[in-house]
>>> print(open('input.txt').read())   # compact mmCIF, C-alpha atoms
# COMPACT_ATOMS: atom_id res chain seq x y z
CA MET A 133 9.40 -11.10 -10.41
CA VAL A 134 10.97 -13.11 -7.56
CA GLN A 135 14.26 -11.22 -7.90
CA LYS A 136 12.41 -7.88 -7.79
CA LEU A 137 10.54 -8.93 -4.64
CA LYS A 138 13.75 -10.00 -2.91
CA LYS A 139 15.05 -6.42 -3.25
CA ILE A 140 12.02 -4.79 -1.60
CA LYS A 141 12.89 -2.79 1.53
CA LEU A 142 9.97 -0.34 1.48
CA ILE A 143 6.35 -0.56 0.41
CA GLY A 144 4.10 2.41 -0.20
CA PHE A 145 0.33 1.99 -0.12
CA ASP A 146 -2.65 4.02 -1.14
CA PHE A 147 -5.40 3.75 1.48
CA ASP A 148 -8.91 3.92 -0.01
CA GLY A 149 -9.43 1.05 -2.42
CA VAL A 150 -6.44 -0.85 -1.02
CA PHE A 151 -6.94 -1.04 2.76
CA THR A 152 -10.67 -0.41 2.20
CA ASP A 153 -13.21 -1.25 -0.48
CA ALA A 154 -13.22 2.48 -1.39
CA LYS A 155 -16.70 2.88 0.06
CA VAL A 156 -17.53 5.14 2.96
CA LEU A 157 -20.35 5.00 5.46
CA LEU A 158 -21.68 8.48 6.18
CA ASN A 159 -24.05 9.13 9.05
CA GLN A 160 -26.54 11.99 9.42
CA ASP A 161 -23.95 14.00 11.39
CA GLY A 162 -21.41 13.80 8.56
CA VAL A 163 -19.16 11.29 10.32
CA GLU A 164 -17.41 8.96 7.90
CA THR A 165 -16.54 5.36 8.71
CA VAL A 166 -14.66 2.74 6.72
CA ILE A 167 -14.04 -0.96 7.19
CA CYS A 168 -10.50 -2.33 7.26
CA SER A 169 -9.21 -5.89 7.48
CA ARG A 170 -7.54 -7.10 10.68
CA ARG A 171 -5.81 -9.72 8.54
CA ASP A 172 -4.09 -6.91 6.65
CA GLY A 173 -2.75 -5.75 10.03
CA LEU A 174 -1.26 -9.19 10.68
CA GLY A 175 0.55 -9.08 7.34
CA ILE A 176 1.78 -5.54 7.99
CA ASN A 177 3.20 -6.60 11.37
CA GLU A 178 5.05 -9.49 9.77
CA LEU A 179 6.59 -7.23 7.12
CA LYS A 180 7.76 -4.85 9.85
CA ARG A 181 9.29 -7.80 11.70
CA LEU A 182 11.28 -8.54 8.54
CA GLY A 183 12.56 -4.95 8.54
CA ILE A 184 10.51 -3.71 5.61
CA LYS A 185 9.55 -0.04 5.91
CA LEU A 186 5.94 0.86 5.21
CA VAL A 187 4.20 4.11 4.33
CA VAL A 188 0.67 5.07 3.36
CA VAL A 189 0.39 7.93 0.88
CA SER A 190 -3.24 8.96 0.52
CA LYS A 191 -5.17 11.77 -1.09
CA GLU A 192 -7.97 11.27 1.47
CA ARG A 193 -8.15 13.99 4.08
CA ASN A 194 -10.42 12.23 6.58
CA PRO A 195 -8.50 11.41 9.80
CA VAL A 196 -9.60 7.77 9.59
CA VAL A 197 -6.51 7.20 7.43
CA SER A 198 -4.04 8.44 10.03
CA LYS A 199 -5.96 6.69 12.84
CA ARG A 200 -5.64 3.33 11.08
CA CYS A 201 -1.95 3.93 10.33
CA GLU A 202 -1.36 4.99 13.92
CA LYS A 203 -2.90 1.73 15.11
CA LEU A 204 -0.74 -0.24 12.65
CA LYS A 205 2.32 1.85 13.61
CA ILE A 206 3.16 2.75 10.04
CA GLU A 207 4.11 6.09 8.55
CA CYS A 208 1.27 8.04 6.97
CA ALA A 209 1.07 11.02 4.66
CA GLN A 210 -2.51 12.00 3.92
CA GLY A 211 -4.27 14.79 2.09
CA ILE A 212 -1.58 14.42 -0.56
CA ASP A 213 -2.28 15.52 -4.13
CA ASP A 214 1.26 14.84 -5.41
CA LYS A 215 1.83 11.31 -4.14
CA LEU A 216 4.99 10.77 -6.17
CA SER A 217 6.85 13.61 -4.44
CA ILE A 218 6.09 12.12 -1.03
CA PHE A 219 7.03 8.63 -2.21
CA LYS A 220 10.36 9.93 -3.57
CA GLN A 221 11.04 11.87 -0.35
CA THR A 222 10.36 8.75 1.71
CA LEU A 223 12.81 6.70 -0.35
CA LYS A 224 15.45 9.40 -0.10
CA LYS A 225 14.97 9.66 3.68
CA GLN A 226 15.45 5.88 3.96
CA GLY A 227 18.48 5.90 1.63
CA LEU A 228 16.74 3.61 -0.86
CA ASN A 229 16.50 3.60 -4.64
CA PRO A 230 13.27 2.95 -6.55
CA GLN A 231 14.23 -0.67 -7.27
CA GLN A 232 14.12 -1.34 -3.52
CA ALA A 233 10.54 -0.08 -3.27
CA ALA A 234 7.08 -1.20 -4.23
CA PHE A 235 3.81 0.68 -4.36
CA MET A 236 0.29 -0.73 -4.07
CA GLY A 237 -2.44 1.42 -5.55
CA ASP A 238 -5.84 1.04 -7.11
CA ASP A 239 -6.64 4.11 -9.19
CA PHE A 240 -5.17 6.49 -11.75
CA ASN A 241 -3.75 8.85 -9.11
CA ASP A 242 -1.48 6.00 -7.94
CA LEU A 243 0.03 5.31 -11.35
CA ASP A 244 3.09 7.55 -10.97
CA CYS A 245 4.11 5.85 -7.73
CA MET A 246 3.42 2.41 -9.14
CA ILE A 247 5.60 3.15 -12.17
CA TYR A 248 8.38 4.76 -10.10
CA GLY A 249 8.87 1.85 -7.72
CA GLY A 250 10.55 -1.39 -8.66
CA VAL A 251 7.36 -3.40 -8.14
CA ALA A 252 3.77 -2.32 -8.73
CA PHE A 253 0.92 -4.05 -6.91
CA THR A 254 -2.78 -3.51 -7.45
CA VAL A 255 -6.07 -5.02 -6.34
CA ALA A 256 -8.50 -7.18 -8.29
CA ASP A 257 -11.03 -4.35 -8.65
CA ALA A 258 -8.49 -1.67 -9.60
CA HIS A 259 -8.74 0.88 -12.38
CA PRO A 260 -7.78 -0.79 -15.71
CA ASP A 261 -4.71 1.44 -16.10
CA CYS A 262 -3.34 0.13 -12.80
CA LYS A 263 -3.87 -3.42 -13.94
CA LYS A 264 -1.96 -2.70 -17.17
CA ILE A 265 1.22 -1.70 -15.34
CA ALA A 266 1.01 -3.92 -12.24
CA HIS A 267 3.58 -6.64 -11.73
CA TYR A 268 1.06 -8.38 -9.48
CA ILE A 269 -2.73 -8.11 -9.32
CA THR A 270 -4.25 -9.55 -6.16
CA LYS A 271 -6.97 -12.15 -6.34
CA ARG A 272 -8.82 -10.16 -3.68
CA LYS A 273 -10.54 -6.82 -4.04
CA GLY A 274 -9.46 -3.76 -2.09
CA GLY A 275 -10.48 -4.00 1.56
CA ASP A 276 -10.93 -7.77 1.33
CA HIS A 277 -7.51 -8.81 2.70
CA ALA A 278 -5.70 -7.70 -0.50
CA VAL A 279 -2.92 -6.12 1.54
CA LYS A 280 -2.48 -9.41 3.43
CA GLU A 281 -2.21 -11.24 0.10
CA VAL A 282 0.69 -8.99 -0.95
CA CYS A 283 2.29 -9.29 2.49
CA ASP A 284 2.09 -13.09 2.32
CA LEU A 285 3.69 -13.07 -1.14
CA ILE A 286 6.61 -10.94 0.03
CA ILE A 287 7.02 -12.90 3.28
CA SER A 288 7.15 -16.13 1.28
CA ILE A 289 9.84 -14.78 -1.06
CA LYS A 290 11.88 -13.21 1.75
CA SER A 291 11.82 -16.40 3.84
CA GLN A 292 13.12 -18.41 0.88
CA SER A 293 16.06 -15.98 0.69
CA ARG A 294 17.28 -16.71 4.20
>>> encode(input="input.txt", output="structure tokens")
Amino acid sequence: MVQKLKKIKLIGFDFDGVFTDAKVLLNQDGVETVICSRRDGLGINELKRLGIKLVVVSKERNPVVSKRCEKLKIECAQGIDDKLSIFKQTLKKQGLNPQQAAFMGDDFNDLDCMIYGGVAFTVADAHPDCKKIAHYITKRKGGDHAVKEVCDLIISIKSQSR
């Protein structure tokens, strides 16, 4: 696992269930709101500092996804039904092979990306199929600093490599 993590140059993420707890607050006007972790943002910033490319590939169409990614200054593709195509395109654009990439998802529509990348991450409350193929299952649930946990793991491995 350590050798696989040392090779990582790009990480793809699902959004709902990874950056959030997959729940949505809906008000009487139809406005949706989600809760994200600021700690995840700290981990994301540290990965970027290490030169790791990041992308969110989400099926969700609500603009909250792109707003959060804009704030974190990471690439975002949302409203995506075929996540694997976007993930492959992103790797090609960066000149990377699948072994240099990881994907963090939480549900069955993330499985293709998780399998395609060199490392598969998932959250503690993920769909059982994700847990079956994951190289690493976070101790934390989605939205509860699970992204930060993965960031810390990669940062720890990468700093040992220097």
>>> residues_near_point(input="input.txt", point="(16.5, 3.7, 8.4)", cutoff="12 Å", atoms="only C-alpha atoms", output="PyMOL selection string")
chain A and resi 141-142+183-186+222-228
>>> atom_distance(input="input.txt", atom1="atom CA of A:His277", atom2="atom CA of A:Val255")
9.9 Å
>>> residues_around(input="input.txt", residues="A:Asp214", least_positions_apart="3", cutoff="12 Å", atoms="all atoms listed in the file", output="list in words")
Val189, Ser190, Lys191, Ala209, Gln210, Gly211, Ser217, Ile218, Phe219, Lys220, Gln221, Asn241, Asp242, Leu243, Asp244 and Cys245 of chain A
>>> write_last_selection(input="input.txt", atoms="C-alpha atoms", output="short mmCIF file (atom, residue, chain, number, x, y, z; two decimals), keeping the file's coordinate frame")
data_model
loop_
_atom_site.label_atom_id
_atom_site.label_comp_id
_atom_site.auth_asym_id
_atom_site.auth_seq_id
_atom_site.Cartn_x
_atom_site.Cartn_y
_atom_site.Cartn_z
CA VAL A 189 0.39 7.93 0.88
CA SER A 190 -3.24 8.96 0.52
CA LYS A 191 -5.17 11.77 -1.09
CA ALA A 209 1.07 11.02 4.66
CA GLN A 210 -2.51 12.00 3.92
CA GLY A 211 -4.27 14.79 2.09
CA SER A 217 6.85 13.61 -4.44
CA ILE A 218 6.09 12.12 -1.03
CA PHE A 219 7.03 8.63 -2.21
CA LYS A 220 10.36 9.93 -3.57
CA GLN A 221 11.04 11.87 -0.35
CA ASN A 241 -3.75 8.85 -9.11
CA ASP A 242 -1.48 6.00 -7.94
CA LEU A 243 0.03 5.31 -11.35
CA ASP A 244 3.09 7.55 -10.97
CA CYS A 245 4.11 5.85 -7.73
#
>>> atom_distance(input="input.txt", atom1="atom CA of A:Val188", atom2="atom CA of A:Cys262")
17.4 Å
>>> closest_residue(input="input.txt", among="A:Gly149, A:Gln292, A:Lys139, A:Leu157", to="A:Ala258", atoms="all atoms listed in the file")
A:Gly149
>>> closest_atom_pairs(input="input.txt", of="stretch 147-218 of chain A", to="stretch 251-254 of chain A", cutoff="12 Å", atoms="all atoms listed in the file", output="Markdown table")
| residue | atom | partner | partner_atom | distance |
| --- | --- | --- | --- | --- |
| A:Phe147 | CA | A:Thr254 | CA | 11.8 |
| A:Gly149 | CA | A:Thr254 | CA | 9.5 |
| A:Val150 | CA | A:Thr254 | CA | 7.9 |
| A:Phe151 | CA | A:Thr254 | CA | 11.3 |
>>> write_last_selection(input="input.txt", atoms="C-alpha atoms", output="mmCIF file, keeping the file's coordinate frame")
data_model
loop_
_atom_site.group_PDB
_atom_site.id
_atom_site.type_symbol
_atom_site.label_atom_id
_atom_site.label_comp_id
_atom_site.auth_asym_id
_atom_site.auth_seq_id
_atom_site.Cartn_x
_atom_site.Cartn_y
_atom_site.Cartn_z
ATOM 1 C CA PHE A 147 -5.400 3.750 1.480
ATOM 2 C CA GLY A 149 -9.430 1.050 -2.420
ATOM 3 C CA VAL A 150 -6.440 -0.850 -1.020
ATOM 4 C CA PHE A 151 -6.940 -1.040 2.760
#
>>> residues_around(input="input.txt", residues="A:Asp257", least_positions_apart="5", cutoff="8 Å", atoms="all atoms listed in the file", output="PyMOL selection string")
chain A and resi 238+272-274
>>> closest_residue(input="input.txt", among="A:Leu174, A:Leu137, A:Lys215, A:Lys155", to="A:His267", atoms="all atoms listed in the file")
A:Leu137
>>> atom_distance(input="input.txt", atom1="atom CA of A:Thr165", atom2="atom CA of A:Gly275")
13.2 Å
>>> axis_aligned_box(input="input.txt", around="stretch 221-234 of chain A", padding_each_side="3 Å", output="AutoDock Vina command-line options")
--center_x 12.8 --center_y 5.3 --center_z -1.7 --size_x 17.4 --size_y 19.2 --size_z 17.2
>>> residues_around(input="input.txt", residues="A:Ile247", least_positions_apart="6", cutoff="9 Å", atoms="all atoms listed in the file", output="PyMOL selection string")
chain A and resi 235+265-266
>>> write_last_selection(input="input.txt", atoms="C-alpha atoms", output="CSV table (one decimal), in the frame of the given file")
chain,number,residue,atom,x,y,z
A,235,PHE,CA,3.8,0.7,-4.4
A,265,ILE,CA,1.2,-1.7,-15.3
A,266,ALA,CA,1.0,-3.9,-12.2
>>> closest_residue(input="input.txt", among="A:Cys168, A:Ala278, A:Gly250, A:Tyr268", to="A:Val156", atoms="only C-alpha atoms")
A:Cys168
>>> closest_residue(input="input.txt", among="A:Ala256, A:Met133, A:Ile143, A:Ile269", to="A:Lys180", atoms="only C-alpha atoms")
A:Ile143
